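Structure first, then comments.
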Amino acid sequence: LDIAVAMDVPPAPPQGCFASLQAALDGRAFMGLFSYVKLRKDVGLSCVHVYGPFEWLFLAMLSLMAALALATCVCVAFIFFRRLSKRALRGSHIRDARRPQDFPSIAVVIPCYLPNEESIIQETVEWIMHRVEYPGQLNVTVVYNTPVELPEIQLRLLEMEGGPWPHGRSFKAMQVQESRSKAANLNAAMKVVKDPYVVLYDADHHPDPDSLILLWEKM
């Protein structure tokens with residue numbers, strides 16, 4: 001008699017699935033650039049999945065962000081090294097500057113609402129006076145309004161008018177009695193400014209030391 005013996009044959013693994021993670025990694029096409037490996041717990045195998053529409057959309061967004069970041073870095077590096085090379089070839093702005101009398105005087109106007117900015121206005125004035133480079137005459141005016149008298153800072157501003165300030169620079173504090181706005185402060189300052197050029201800074205502004213030199217070079 002012929003006796004047939006039934007034997008259990010293990011089912012073939014699903015397409016794209018492998019018994020080990022390393023085998024799945026090795027089995028990806030195009031060195032795995034367009035697919036990823038995911039463990040399927042239901043069959044206990046590591047399976048290769050091709051990127052779907054959402055993965056491609058996410059990859060496109062990442063690529064765009066990377067391209068923008070790279071372009072920004074290139075632009076910043078270009079500006080930085082251009083300025084660095086310009087200084088190296090020409091020397092510092094002050095060494096290459098013409099005589100101070102060749103530069104027009106500039107009025108620096110700083111509008112200020114004193115109750116909000118009394119703690120920072122003195123520091124701003126000292127920064128501009130000592131740190132901002134300009135060979136010509138610099139005349140700084142703080143034009144302010146305040147709904148209540150603040151004797152301590154107002155007296156300090158008046159004392160600062162006497163200096164001494166470097167390079168013969170001058171300082172003046174001007175209170176606008178009827179002012180209720182920054183625009184009113186500026187209008188009042190424009191009536192008394194005599195310099196041919198005017199620069200406006202906020203009360204919390206610490207400008208770059210080279211800013212006036214760079215501005216004058218472009219004019």
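All residue names refer to the structure tokens as shown: chains lettered A, B, ... in order, residues numbered from 1 in each chain, ligands numbered from 1 in order.
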Could you make a table, as JSON lines, of the residues of stretch 174-206 of chain A that have an atom within 6 Å of an atom of stretch 102-124 of chain A, each with its nearest atom pair and distance in Å to one decimal, counting only C-alpha atoms, in chain and number order?
{"residue": "A:Asp195", "atom": "CA", "partner": "A:Ile106", "partner_atom": "CA", "distance": 5.7}
{"residue": "A:Tyr197", "atom": "CA", "partner": "A:Ile106", "partner_atom": "CA", "distance": 5.0}
{"residue": "A:Val198", "atom": "CA", "partner": "A:Ala107", "partner_atom": "CA", "distance": 4.7}
{"residue": "A:Val199", "atom": "CA", "partner": "A:Val108", "partner_atom": "CA", "distance": 4.8}
{"residue": "A:Leu200", "atom": "CA", "partner": "A:Val109", "partner_atom": "CA", "distance": 5.0}
{"residue": "A:Tyr201", "atom": "CA", "partner": "A:Ile110", "partner_atom": "CA", "distance": 5.2}
{"residue": "A:Asp202", "atom": "CA", "partner": "A:Ile110", "partner_atom": "CA", "distance": 5.7}
{"residue": "A:Ala203", "atom": "CA", "partner": "A:Ile121", "partner_atom": "CA", "distance": 5.6}
Run DSSP on the backbone and give me the residues of stretch 23-65 of chain A it puts in alpha helix (DSSP H), as a PDB file with N, CA, C and O atoms, in the first residue's frame.
ATOM      1  N   ALA A  23      18.701  41.591   5.583  1.00  0.00           N
ATOM      2  CA  ALA A  23      18.307  41.105   4.258  1.00  0.00           C
ATOM      3  C   ALA A  23      17.363  42.093   3.581  1.00  0.00           C
ATOM      4  O   ALA A  23      17.424  42.310   2.373  1.00  0.00           O
ATOM      5  N   ALA A  24      16.463  42.701   4.385  1.00  0.00           N
ATOM      6  CA  ALA A  24      15.553  43.696   3.825  1.00  0.00           C
ATOM      7  C   ALA A  24      16.307  44.929   3.356  1.00  0.00           C
ATOM      8  O   ALA A  24      16.030  45.487   2.295  1.00  0.00           O
ATOM      9  N   LEU A  25      17.290  45.357   4.139  1.00  0.00           N
ATOM     10  CA  LEU A  25      18.088  46.522   3.740  1.00  0.00           C
ATOM     11  C   LEU A  25      18.866  46.245   2.462  1.00  0.00           C
ATOM     12  O   LEU A  25      18.980  47.107   1.586  1.00  0.00           O
ATOM     13  N   ASP A  26      19.411  45.053   2.377  1.00  0.00           N
ATOM     14  CA  ASP A  26      20.173  44.682   1.181  1.00  0.00           C
ATOM     15  C   ASP A  26      19.266  44.508  -0.036  1.00  0.00           C
ATOM     16  O   ASP A  26      19.725  44.626  -1.175  1.00  0.00           O
ATOM     17  N   PRO A  53       2.732  58.901  -1.943  1.00  0.00           N
ATOM     18  CA  PRO A  53       2.566  60.332  -2.278  1.00  0.00           C
ATOM     19  C   PRO A  53       2.888  61.261  -1.114  1.00  0.00           C
ATOM     20  O   PRO A  53       3.503  62.307  -1.303  1.00  0.00           O
ATOM     21  N   PHE A  54       2.469  60.903   0.106  1.00  0.00           N
ATOM     22  CA  PHE A  54       2.706  61.776   1.241  1.00  0.00           C
ATOM     23  C   PHE A  54       4.194  61.854   1.588  1.00  0.00           C
ATOM     24  O   PHE A  54       4.705  62.925   1.944  1.00  0.00           O
ATOM     25  N   GLU A  55       4.877  60.723   1.484  1.00  0.00           N
ATOM     26  CA  GLU A  55       6.320  60.747   1.742  1.00  0.00           C
ATOM     27  C   GLU A  55       7.045  61.609   0.715  1.00  0.00           C
ATOM     28  O   GLU A  55       7.959  62.373   1.039  1.00  0.00           O
ATOM     29  N   TRP A  56       6.631  61.494  -0.560  1.00  0.00           N
ATOM     30  CA  TRP A  56       7.261  62.317  -1.603  1.00  0.00           C
ATOM     31  C   TRP A  56       6.970  63.803  -1.390  1.00  0.00           C
ATOM     32  O   TRP A  56       7.839  64.656  -1.626  1.00  0.00           O
ATOM     33  N   LEU A  57       5.754  64.124  -0.958  1.00  0.00           N
ATOM     34  CA  LEU A  57       5.424  65.522  -0.677  1.00  0.00           C
ATOM     35  C   LEU A  57       6.269  66.057   0.470  1.00  0.00           C
ATOM     36  O   LEU A  57       6.797  67.170   0.410  1.00  0.00           O
ATOM     37  N   PHE A  58       6.416  65.240   1.525  1.00  0.00           N
ATOM     38  CA  PHE A  58       7.239  65.651   2.661  1.00  0.00           C
ATOM     39  C   PHE A  58       8.690  65.834   2.242  1.00  0.00           C
ATOM     40  O   PHE A  58       9.360  66.798   2.649  1.00  0.00           O
ATOM     41  N   LEU A  59       9.199  64.923   1.405  1.00  0.00           N
ATOM     42  CA  LEU A  59      10.568  65.026   0.924  1.00  0.00           C
ATOM     43  C   LEU A  59      10.762  66.272   0.074  1.00  0.00           C
ATOM     44  O   LEU A  59      11.797  66.953   0.169  1.00  0.00           O
ATOM     45  N   ALA A  60       9.754  66.596  -0.745  1.00  0.00           N
ATOM     46  CA  ALA A  60       9.848  67.800  -1.577  1.00  0.00           C
ATOM     47  C   ALA A  60       9.897  69.059  -0.711  1.00  0.00           C
ATOM     48  O   ALA A  60      10.661  69.988  -0.989  1.00  0.00           O
ATOM     49  N   MET A  61       9.100  69.084   0.358  1.00  0.00           N
ATOM     50  CA  MET A  61       9.105  70.239   1.259  1.00  0.00           C
ATOM     51  C   MET A  61      10.447  70.368   1.970  1.00  0.00           C
ATOM     52  O   MET A  61      10.992  71.477   2.105  1.00  0.00           O
ATOM     53  N   LEU A  62      11.000  69.246   2.430  1.00  0.00           N
ATOM     54  CA  LEU A  62      12.316  69.289   3.071  1.00  0.00           C
ATOM     55  C   LEU A  62      13.390  69.766   2.103  1.00  0.00           C
ATOM     56  O   LEU A  62      14.279  70.554   2.464  1.00  0.00           O
ATOM     57  N   SER A  63      13.318  69.299   0.859  1.00  0.00           N
ATOM     58  CA  SER A  63      14.304  69.704  -0.143  1.00  0.00           C
ATOM     59  C   SER A  63      14.210  71.196  -0.414  1.00  0.00           C
ATOM     60  O   SER A  63      15.233  71.885  -0.555  1.00  0.00           O
ATOM     61  N   LEU A  64      12.977  71.719  -0.494  1.00  0.00           N
ATOM     62  CA  LEU A  64      12.794  73.151  -0.725  1.00  0.00           C
ATOM     63  C   LEU A  64      13.343  73.969   0.430  1.00  0.00           C
ATOM     64  O   LEU A  64      14.034  74.979   0.223  1.00  0.00           O
ATOM     65  N   MET A  65      13.070  73.526   1.660  1.00  0.00           N
ATOM     66  CA  MET A  65      13.590  74.237   2.832  1.00  0.00           C
ATOM     67  C   MET A  65      15.108  74.196   2.865  1.00  0.00           C
ATOM     68  O   MET A  65      15.766  75.194   3.202  1.00  0.00           O
TER      69      MET A  65
END
Stretch 40-46 of chain A: which residues within 6 Å, counting only C-alpha atoms, same-chain residues fewer than 2 positions away excluded, as a ChimeraX atom specification?
-> /A:17-19,21,38
Contact residues around A:Gly168 with only C-alpha atoms at 12 Å, ignoring same-chain residues under 5 positions, as a ChimeraX atom specification = /A:100,105,129-130,134-140,162-163
Please, could you write that set of residues out with N, CA and C atoms as a compact mmCIF listing (two decimals), in the first residue's frame?
# COMPACT_ATOMS: atom_id res chain seq x y z
N PRO A 100 37.93 115.38 8.33
CA PRO A 100 36.60 115.56 8.93
C PRO A 100 35.80 116.69 8.33
N SER A 105 27.92 117.85 8.47
CA SER A 105 27.42 117.56 9.82
C SER A 105 26.10 116.81 9.72
N MET A 129 27.21 108.18 20.93
CA MET A 129 28.31 109.14 21.08
C MET A 129 29.68 108.47 21.03
N HIS A 130 29.80 107.31 21.65
CA HIS A 130 31.12 106.68 21.79
C HIS A 130 31.39 105.57 20.78
N TYR A 134 32.01 108.35 12.76
CA TYR A 134 31.73 109.33 11.72
C TYR A 134 32.74 110.46 11.87
N PRO A 135 33.52 110.75 10.82
CA PRO A 135 34.56 111.77 10.96
C PRO A 135 34.03 113.19 11.10
N GLY A 136 32.84 113.45 10.55
CA GLY A 136 32.28 114.80 10.61
C GLY A 136 31.60 115.08 11.94
N GLN A 137 30.99 116.26 12.00
CA GLN A 137 30.30 116.68 13.22
C GLN A 137 29.01 115.90 13.41
N LEU A 138 28.78 115.46 14.64
CA LEU A 138 27.58 114.70 14.97
C LEU A 138 26.86 115.44 16.10
N ASN A 139 25.63 115.85 15.83
CA ASN A 139 24.83 116.58 16.81
C ASN A 139 23.61 115.74 17.18
N VAL A 140 23.58 115.26 18.42
CA VAL A 140 22.54 114.34 18.88
C VAL A 140 21.50 115.11 19.69
N GLY A 162 26.24 119.10 28.78
CA GLY A 162 27.56 119.68 28.98
C GLY A 162 28.71 118.78 28.61
N GLY A 163 28.41 117.50 28.32
CA GLY A 163 29.46 116.57 27.91
C GLY A 163 30.39 116.22 29.07
